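entry31.txt follows (compact mmCIF, C-alpha atoms):
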# COMPACT_ATOMS: atom_id res chain seq x y z
CA MET A 10 0.00 0.00 0.00
CA ASN A 11 1.55 3.30 -1.11
CA ALA A 12 1.81 6.44 1.01
CA GLY A 13 -1.00 8.26 -0.83
CA VAL A 14 -3.52 5.51 -0.10
CA ARG A 15 -2.48 5.39 3.55
CA ARG A 16 -2.96 9.17 3.88
CA ARG A 17 -6.45 8.93 2.36
CA LEU A 18 -7.39 6.10 4.70
CA ARG A 19 -6.18 8.05 7.74
CA SER A 20 -8.33 11.01 6.68
CA VAL A 21 -11.52 8.94 6.41
CA PRO A 22 -12.48 9.34 10.12
CA LEU A 23 -12.08 13.13 9.78
CA TYR A 24 -14.40 13.23 6.77
CA VAL A 25 -16.93 11.09 8.60
CA ILE A 26 -16.89 13.45 11.60
CA VAL A 27 -17.30 16.51 9.33
CA TRP A 28 -20.26 14.91 7.56
CA LEU A 29 -21.90 13.92 10.83
CA VAL A 30 -21.50 17.43 12.25
CA GLY A 31 -22.85 18.93 9.02
CA ILE A 32 -25.88 16.65 9.05
CA ALA A 33 -26.54 17.43 12.72
CA MET A 34 -26.51 21.17 11.94
CA VAL A 35 -28.53 21.09 8.71
CA THR A 36 -31.24 18.64 9.80
CA PRO A 37 -33.02 21.03 12.25
CA LEU A 38 -33.00 23.79 9.60
CA LEU A 39 -34.51 21.49 6.98
CA TYR A 40 -37.11 20.26 9.47
CA ALA A 41 -38.11 23.83 10.35
CA LEU A 42 -38.22 24.80 6.66
CA VAL A 43 -40.52 21.90 5.72
CA SER A 44 -42.64 22.31 8.86
CA GLY A 45 -43.30 25.91 7.88
CA PHE A 46 -45.25 24.60 4.88
CA LYS A 47 -47.56 22.55 7.07
CA SER A 48 -50.58 23.36 9.13
CA THR A 49 -50.56 22.75 12.87
CA ASP A 50 -52.82 19.72 12.39
CA GLN A 51 -50.36 18.27 9.88
CA LEU A 52 -47.52 18.74 12.38
CA SER A 53 -49.49 16.71 14.92
CA ASP A 54 -50.55 13.95 12.53
CA ASN A 55 -47.50 13.85 10.23
CA THR A 56 -44.58 15.20 12.21
CA PHE A 57 -41.69 14.11 9.98
CA GLY A 58 -43.39 13.64 6.61
CA LEU A 59 -43.74 16.05 3.71
CA PRO A 60 -46.64 18.54 3.77
CA SER A 61 -49.86 17.43 2.14
CA PRO A 62 -51.02 19.89 0.97
CA TRP A 63 -48.26 22.49 1.05
CA VAL A 64 -49.38 25.55 3.03
CA THR A 65 -47.55 28.53 1.55
CA SER A 66 -49.65 31.09 3.42
CA ASN A 67 -47.45 30.69 6.54
CA TYR A 68 -44.56 32.28 4.66
CA THR A 69 -46.50 34.72 2.50
CA ASP A 70 -48.38 36.13 5.50
CA VAL A 71 -45.10 36.92 7.25
CA LEU A 72 -43.61 38.48 4.11
CA ALA A 73 -46.75 40.58 3.67
CA SER A 74 -46.47 41.87 7.23
CA GLY A 75 -45.10 45.39 7.54
CA SER A 76 -43.80 44.68 11.04
CA PHE A 77 -41.41 42.01 9.75
CA TRP A 78 -39.82 44.38 7.25
CA ARG A 79 -39.67 47.16 9.85
CA MET A 80 -37.78 44.87 12.24
CA LEU A 81 -35.50 43.76 9.41
CA GLY A 82 -34.70 47.39 8.61
CA ALA A 83 -34.11 48.23 12.28
CA SER A 84 -31.75 45.27 12.71
CA THR A 85 -29.85 46.24 9.56
CA LEU A 86 -29.52 49.90 10.57
CA ILE A 87 -28.34 49.05 14.08
CA ALA A 88 -25.90 46.41 12.82
CA VAL A 89 -24.37 48.76 10.24
CA GLY A 90 -24.12 51.64 12.72
CA THR A 91 -22.52 49.39 15.34
CA THR A 92 -20.02 48.02 12.84
CA VAL A 93 -18.95 51.41 11.49
CA LEU A 94 -18.48 52.84 14.98
CA THR A 95 -16.75 49.75 16.38
CA VAL A 96 -14.32 49.20 13.51
CA GLY A 97 -13.57 52.91 13.08
CA ALA A 98 -12.76 53.52 16.75
CA ALA A 99 -10.94 50.21 17.17
CA ALA A 100 -8.79 50.78 14.08
CA LEU A 101 -7.57 54.13 15.41
CA ALA A 102 -6.93 52.70 18.89
CA ALA A 103 -5.18 49.62 17.50
CA PHE A 104 -2.99 51.82 15.29
CA ALA A 105 -1.86 53.89 18.27
CA LEU A 106 -1.26 50.79 20.41
CA ALA A 107 0.65 49.01 17.64
CA ARG A 108 2.74 51.74 16.00
CA PHE A 109 3.44 54.29 18.76
CA ALA A 110 5.66 53.79 21.81
CA PHE A 111 4.38 55.66 24.87
CA ARG A 112 4.34 55.09 28.60
CA GLY A 113 1.50 52.88 29.74
CA ARG A 114 0.83 51.43 26.30
CA GLU A 115 0.87 47.80 27.44
CA VAL A 116 -1.20 48.62 30.52
CA LEU A 117 -3.83 50.26 28.33
CA PHE A 118 -3.85 47.30 25.96
CA THR A 119 -4.20 44.95 28.93
CA LEU A 120 -7.27 46.88 30.06
CA PHE A 121 -8.84 46.34 26.64
CA ALA A 122 -7.92 42.65 26.77
CA VAL A 123 -9.50 42.33 30.22
CA GLY A 124 -12.69 43.67 28.65
CA LEU A 125 -12.99 40.34 26.82
CA MET A 126 -13.75 38.67 30.15
CA PHE A 127 -16.38 41.21 31.23
CA PRO A 128 -19.86 39.66 30.85
CA PHE A 129 -22.49 41.89 29.33
CA ALA A 130 -25.21 40.72 31.75
CA VAL A 131 -23.31 42.21 34.70
CA ALA A 132 -23.65 45.71 33.23
CA ILE A 133 -27.38 45.56 32.53
CA LEU A 134 -28.57 47.58 35.54
CA PRO A 135 -25.95 50.39 35.47
CA LEU A 136 -26.24 50.52 31.68
CA PHE A 137 -30.00 50.98 31.87
CA VAL A 138 -29.62 53.79 34.40
CA LEU A 139 -26.97 55.45 32.24
CA LEU A 140 -29.08 55.23 29.08
CA ARG A 141 -32.11 56.62 30.91
CA THR A 142 -30.02 59.52 32.26
CA PHE A 143 -28.86 60.47 28.76
CA GLY A 144 -32.31 59.98 27.22
CA LEU A 145 -31.24 57.12 24.97
CA LEU A 146 -34.10 54.73 25.75
CA ASP A 147 -36.25 53.97 22.69
CA ASN A 148 -33.41 55.39 20.63
CA PRO A 149 -31.24 53.30 18.27
CA TRP A 150 -28.14 55.01 19.67
CA GLY A 151 -29.00 53.39 23.00
CA VAL A 152 -28.19 50.04 21.37
CA ILE A 153 -25.47 51.09 18.93
CA LEU A 154 -23.22 52.82 21.48
CA PRO A 155 -23.17 49.99 24.09
CA GLN A 156 -22.74 47.34 21.40
CA ALA A 157 -19.80 49.27 19.97
CA ALA A 158 -18.28 49.65 23.43
CA PHE A 159 -18.54 45.94 24.17
CA GLY A 160 -17.21 45.10 20.71
CA LEU A 161 -14.08 47.24 21.05
CA PRO A 162 -11.91 44.79 23.06
CA ILE A 163 -11.98 41.87 20.61
CA THR A 164 -11.71 44.20 17.62
CA ILE A 165 -8.70 46.04 19.04
CA VAL A 166 -6.95 42.80 19.96
CA ILE A 167 -7.36 41.44 16.42
CA LEU A 168 -6.39 44.64 14.60
CA ARG A 169 -3.42 45.42 16.85
CA GLY A 170 -1.88 42.04 16.12
CA PHE A 171 -2.31 42.65 12.40
CA PHE A 172 -0.99 46.22 12.47
CA ARG A 173 2.13 45.20 14.39
CA GLU A 174 3.13 42.85 11.58
CA ILE A 175 3.31 45.65 9.00
CA PRO A 176 7.04 46.25 8.38
CA GLY A 177 8.44 49.35 10.03
CA GLU A 178 10.51 50.07 6.90
CA LEU A 179 7.27 50.76 5.04
CA GLU A 180 6.29 53.42 7.55
CA GLU A 181 9.77 54.96 7.43
CA ALA A 182 9.62 55.16 3.65
CA ALA A 183 6.20 56.80 3.81
CA THR A 184 7.50 59.33 6.35
CA LEU A 185 10.46 60.19 4.15
CA ASP A 186 8.02 60.84 1.30
CA GLY A 187 6.26 63.40 3.49
CA CYS A 188 3.39 61.22 4.67
CA SER A 189 2.03 62.04 8.11
CA ALA A 190 1.18 59.39 10.70
CA PHE A 191 -2.53 59.64 9.89
CA GLY A 192 -1.73 59.63 6.18
CA PHE A 193 0.19 56.39 6.60
CA PHE A 194 -2.73 54.95 8.58
CA TRP A 195 -5.36 56.01 6.05
CA ARG A 196 -3.56 55.53 2.74
CA ILE A 197 -1.30 52.54 3.40
CA LEU A 198 -2.16 50.67 6.59
CA LEU A 199 -5.93 50.37 6.13
CA PRO A 200 -5.75 49.07 2.54
CA MET A 201 -3.17 46.50 3.61
CA ALA A 202 -5.34 45.48 6.57
CA ARG A 203 -8.44 44.92 4.43
CA PRO A 204 -8.71 41.18 5.30
CA ALA A 205 -8.53 41.90 9.03
CA LEU A 206 -11.00 44.78 8.72
CA GLY A 207 -13.38 42.52 6.84
CA THR A 208 -13.13 39.86 9.54
CA VAL A 209 -13.83 42.19 12.46
CA SER A 210 -16.65 43.86 10.51
CA ILE A 211 -18.35 40.51 9.99
CA LEU A 212 -17.95 39.63 13.66
CA ALA A 213 -19.48 42.99 14.67
CA ILE A 214 -22.43 42.59 12.31
CA VAL A 215 -23.18 39.04 13.45
CA SER A 216 -22.89 40.02 17.12
CA SER A 217 -25.25 42.96 16.66
CA TRP A 218 -27.74 40.97 14.59
CA ASN A 219 -28.00 38.22 17.22
CA ASN A 220 -28.21 40.57 20.22
CA PHE A 221 -31.50 40.10 22.03
CA LEU A 222 -31.03 41.34 25.58
CA LEU A 223 -29.88 44.91 24.87
CA PRO A 224 -32.64 45.82 22.35
CA LEU A 225 -35.18 44.26 24.70
CA LEU A 226 -33.85 46.49 27.48
CA VAL A 227 -33.77 49.70 25.43
CA PHE A 228 -36.85 49.50 23.20
CA SER A 229 -40.29 49.55 24.75
CA GLU A 230 -41.97 50.78 21.55
CA GLN A 231 -42.33 48.53 18.50
CA THR A 232 -40.81 51.15 16.19
CA TRP A 233 -37.23 49.96 16.72
CA TRP A 234 -37.79 46.30 17.60
CA THR A 235 -35.17 44.06 16.02
CA ILE A 236 -35.50 40.59 14.50
CA PRO A 237 -34.62 38.66 17.72
CA ILE A 238 -37.31 40.57 19.64
CA GLY A 239 -39.71 39.95 16.77
CA VAL A 240 -39.10 36.21 16.98
CA GLN A 241 -39.82 36.22 20.70
CA GLN A 242 -42.98 38.29 20.30
CA PHE A 243 -44.21 36.22 17.37
CA GLN A 244 -43.74 33.01 19.34
CA GLY A 245 -45.82 34.44 22.15
CA GLN A 246 -48.55 35.67 19.79
CA TYR A 247 -48.85 32.42 17.81
CA ALA A 248 -47.95 29.93 20.52
CA THR A 249 -50.66 27.54 19.34
CA ASP A 250 -49.78 27.86 15.62
CA ILE A 251 -46.42 26.10 15.62
CA ALA A 252 -46.20 25.84 11.82
CA ARG A 253 -46.49 29.62 11.44
CA VAL A 254 -43.78 30.08 14.07
CA PHE A 255 -41.49 27.75 12.10
CA ALA A 256 -42.07 29.87 8.98
CA TYR A 257 -41.24 33.07 10.86
CA LEU A 258 -38.07 31.53 12.30
CA ILE A 259 -36.85 30.48 8.85
CA LEU A 260 -37.54 33.89 7.33
CA ALA A 261 -35.80 35.56 10.26
CA MET A 262 -32.71 33.42 9.65
CA VAL A 263 -32.55 33.99 5.89
CA PRO A 264 -30.81 37.43 6.02
CA ALA A 265 -28.14 36.16 8.42
CA LEU A 266 -27.57 32.98 6.37
CA ALA A 267 -27.41 34.97 3.13
CA PHE A 268 -24.93 37.42 4.65
CA TYR A 269 -22.75 34.58 5.92
CA ALA A 270 -22.84 32.86 2.52
CA VAL A 271 -21.55 36.06 0.90
CA ALA A 272 -19.02 36.92 3.63
CA GLU A 273 -17.75 33.40 4.37
CA ARG A 274 -14.70 33.66 2.11
CA GLN A 275 -13.78 37.06 3.57
CA LEU A 276 -14.13 35.78 7.15
CA ILE A 277 -12.07 32.63 6.58
CA GLY A 278 -9.51 34.54 4.53
CA GLY A 279 -9.07 37.17 7.24
CA ILE A 280 -8.66 34.55 9.95
CA THR A 281 -6.16 32.63 7.78
CA VAL A 282 -4.11 35.75 7.06
CA GLY A 283 -4.09 36.65 10.74
CA ALA A 284 -2.99 33.17 11.71
CA THR A 285 -0.22 33.24 9.07
CA LYS A 286 1.03 36.62 10.24
CA GLY A 287 0.84 35.61 13.87
Translate this file's structure into structure tokens.
Amino acid sequence: MNAGVRRRLRSVPLYVIVWLVGIAMVTPLLYALVSGFKSTDQLSDNTFGLPSPWVTSNYTDVLASGSFWRMLGASTLIAVGTTVLTVGAAALAAFALARFAFRGREVLFTLFAVGLMFPFAVAILPLFVLLRTFGLLDNPWGVILPQAAFGLPITIVILRGFFREIPGELEEAATLDGCSAFGFFWRILLPMARPALGTVSILAIVSSWNNFLLPLLVFSEQTWWTIPIGVQQFQGQYATDIARVFAYLILAMVPALAFYAVAERQLIGGITVGATKG
């Protein structure tokens, strides 16, 4: 038996594990998708079979609802605002922590790193009082600003590691050509860090999109309810119509799945580049 055959045989258990994990993840999604085309009576009588007949009204009723699209727009606006603020502030902070030598630099970076271990739930009460004091309740900024603050530590840690790997000779050459520190950051460093910026942007968007507790705390009016709150409210409203709830859950997941399908290569590429540089 040659070496190539032996290598393929050794990799068989890995492929089997990957397939099993993939099946375990996809099966609930497929079940929810098919169940959304059933009536509640069909779910009781034919739990795992195909719908007969197919009930498309569960999906079309949700798509025809203005509240669903309003929540989708609110989630998108908050996610984009959080990402722009988080990545913009973190990029500037990471640049200073990576390229400038000043007293207390490592202490400051350690404080940001410690922020990774700070649980969000601990800050709920003081955060609510602070938002109420500044009049940010029922205001999208009341979600965007805290999400950006809690997203800064991981974003700074990732970007600082990437910025530190940029050769110092490149910065010296830019300085000799008359480029200021901010000019080097804006014109040279950011374009070179595009994979890392893409990675942290995706992480910020996904984190904001999945956030349930903070929007629930801030928004008492339906105007700015996000998709996770909508799912919870819809489940409560149609608790007896399980098939309709399945349809709503699938439609609520479609934007996130579509975004991940588009951004998957950028996310994996950014992580790979970071690992290679590290």
Neighbouring residues of Arg108 of chain A were defined as those with any atom within 12 Å, considering only C-alpha atoms; residues of the same chain fewer than 4 positions away were excluded. Please report them as an mmCIF file with C-alpha atoms, in the coordinates of the input.
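That gives us result25.cif:
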data_model
loop_
_atom_site.group_PDB
_atom_site.id
_atom_site.type_symbol
_atom_site.label_atom_id
_atom_site.label_comp_id
_atom_site.auth_asym_id
_atom_site.auth_seq_id
_atom_site.Cartn_x
_atom_site.Cartn_y
_atom_site.Cartn_z
ATOM 1 C CA ALA A 100 -8.790 50.780 14.080
ATOM 2 C CA LEU A 101 -7.570 54.130 15.410
ATOM 3 C CA ALA A 102 -6.930 52.700 18.890
ATOM 4 C CA ALA A 103 -5.180 49.620 17.500
ATOM 5 C CA PHE A 104 -2.990 51.820 15.290
ATOM 6 C CA ARG A 114 0.830 51.430 26.300
ATOM 7 C CA LEU A 168 -6.390 44.640 14.600
ATOM 8 C CA ARG A 169 -3.420 45.420 16.850
ATOM 9 C CA GLY A 170 -1.880 42.040 16.120
ATOM 10 C CA PHE A 171 -2.310 42.650 12.400
ATOM 11 C CA PHE A 172 -0.990 46.220 12.470
ATOM 12 C CA ARG A 173 2.130 45.200 14.390
ATOM 13 C CA GLU A 174 3.130 42.850 11.580
ATOM 14 C CA ILE A 175 3.310 45.650 9.000
ATOM 15 C CA PRO A 176 7.040 46.250 8.380
ATOM 16 C CA GLY A 177 8.440 49.350 10.030
ATOM 17 C CA LEU A 179 7.270 50.760 5.040
ATOM 18 C CA GLU A 180 6.290 53.420 7.550
ATOM 19 C CA GLU A 181 9.770 54.960 7.430
ATOM 20 C CA ALA A 190 1.180 59.390 10.700
ATOM 21 C CA PHE A 191 -2.530 59.640 9.890
ATOM 22 C CA PHE A 193 0.190 56.390 6.600
ATOM 23 C CA PHE A 194 -2.730 54.950 8.580
ATOM 24 C CA LEU A 198 -2.160 50.670 6.590
#
TODO: Give me, please, the distance in Å between atom CA of Leu225 of chain A and atom CA of Leu139 of chain A, quoted to one decimal.
DONE: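 Atom-to-atom, atom CA of Leu225 of chain A to atom CA of Leu139 of chain A, that is 15.8 Å.
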re atom CA of Leu38 of chain A and atom CA of Leu222 of chain A: distance 23.8 Å
Check: Which distance in Å separates atom CA of Leu86 of chain A and atom CA of Ile153 of chain A, to one decimal?
Finding: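 The value is 9.4 Å.
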With 12 Å as the threshold, what does the neighbourhood of (-35.1, 52.2, 29.0) contain in terms of residues, counting only C-alpha atoms? Coordinates are those of the file; answer as a list in words.
Ile133, Leu134, Pro135, Leu136, Phe137, Val138, Leu139, Leu140, Arg141, Thr142, Phe143, Gly144, Leu145, Leu146, Asp147, Asn148, Pro149, Trp150, Gly151, Val152, Leu223, Pro224, Leu225, Leu226, Val227, Phe228, Ser229 and Glu230 of chain A
With the cut-off set at 9 Å and counting only C-alpha atoms, tabulate each residue of segment 149-223 of chain A with an atom at most that distance from an atom of segment 70-85 of chain A, showing the nearest atom pair and its distance in Å to one decimal, ordered by chain and increasing number, as JSON lines.
{"residue": "A:Pro149", "atom": "CA", "partner": "A:Ala83", "partner_atom": "CA", "distance": 8.4}
{"residue": "A:Ile214", "atom": "CA", "partner": "A:Thr85", "partner_atom": "CA", "distance": 8.7}
{"residue": "A:Ser217", "atom": "CA", "partner": "A:Ser84", "partner_atom": "CA", "distance": 7.9}
{"residue": "A:Trp218", "atom": "CA", "partner": "A:Ser84", "partner_atom": "CA", "distance": 6.2}
Of the listed residues A:Ala272, A:Ala267, A:Val43, A:Ala88, that which approaches Ala157 of chain A most closely, counting all atoms listed in the file: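 The closest residue to Ala157 of chain A is A:Ala88.
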From A:Ala270, A:Val209, A:Ala41, A:Ile251, residue lying nearest Val96 of chain A [only C-alpha atoms]:
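Checking each candidate against Val96 of chain A, we get A:Val209 as the closest.
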Could you list, as a PyMOL selection string, every residue within 9 Å of Ala183 of chain A, counting only C-alpha atoms and ignoring same-chain residues fewer than 5 positions away?
chain A and resi 178+188-190+192-193+197
Who sits within 10 Å of Phe255 of chain A, all atoms listed in the file, same chain under 4 positions skipped, as a PyMOL selection string: chain A and resi 38+40-47+67-68+244+250-251+259-261
Okay, now the selection with C-alpha atoms, as a tab-separated table (two decimals), keeping the file's coordinate frame?
chain	number	residue	atom	x	y	z
A	38	LEU	CA	-33.00	23.79	9.60
A	40	TYR	CA	-37.11	20.26	9.47
A	41	ALA	CA	-38.11	23.83	10.35
A	42	LEU	CA	-38.22	24.80	6.66
A	43	VAL	CA	-40.52	21.90	5.72
A	44	SER	CA	-42.64	22.31	8.86
A	45	GLY	CA	-43.30	25.91	7.88
A	46	PHE	CA	-45.25	24.60	4.88
A	47	LYS	CA	-47.56	22.55	7.07
A	67	ASN	CA	-47.45	30.69	6.54
A	68	TYR	CA	-44.56	32.28	4.66
A	244	GLN	CA	-43.74	33.01	19.34
A	250	ASP	CA	-49.78	27.86	15.62
A	251	ILE	CA	-46.42	26.10	15.62
A	259	ILE	CA	-36.85	30.48	8.85
A	260	LEU	CA	-37.54	33.89	7.33
A	261	ALA	CA	-35.80	35.56	10.26
Give, as lines of an AutoDock Vina configuration file, the centre coordinates and the x, y and z edge lengths in Å to one decimal for an axis-aligned box around all listed atoms of segment 145-149 of chain A, padded by 5 Å on each side.
center_x = -33.7
center_y = 55.2
center_z = 22.0
size_x = 15.0
size_y = 13.8
size_z = 17.5
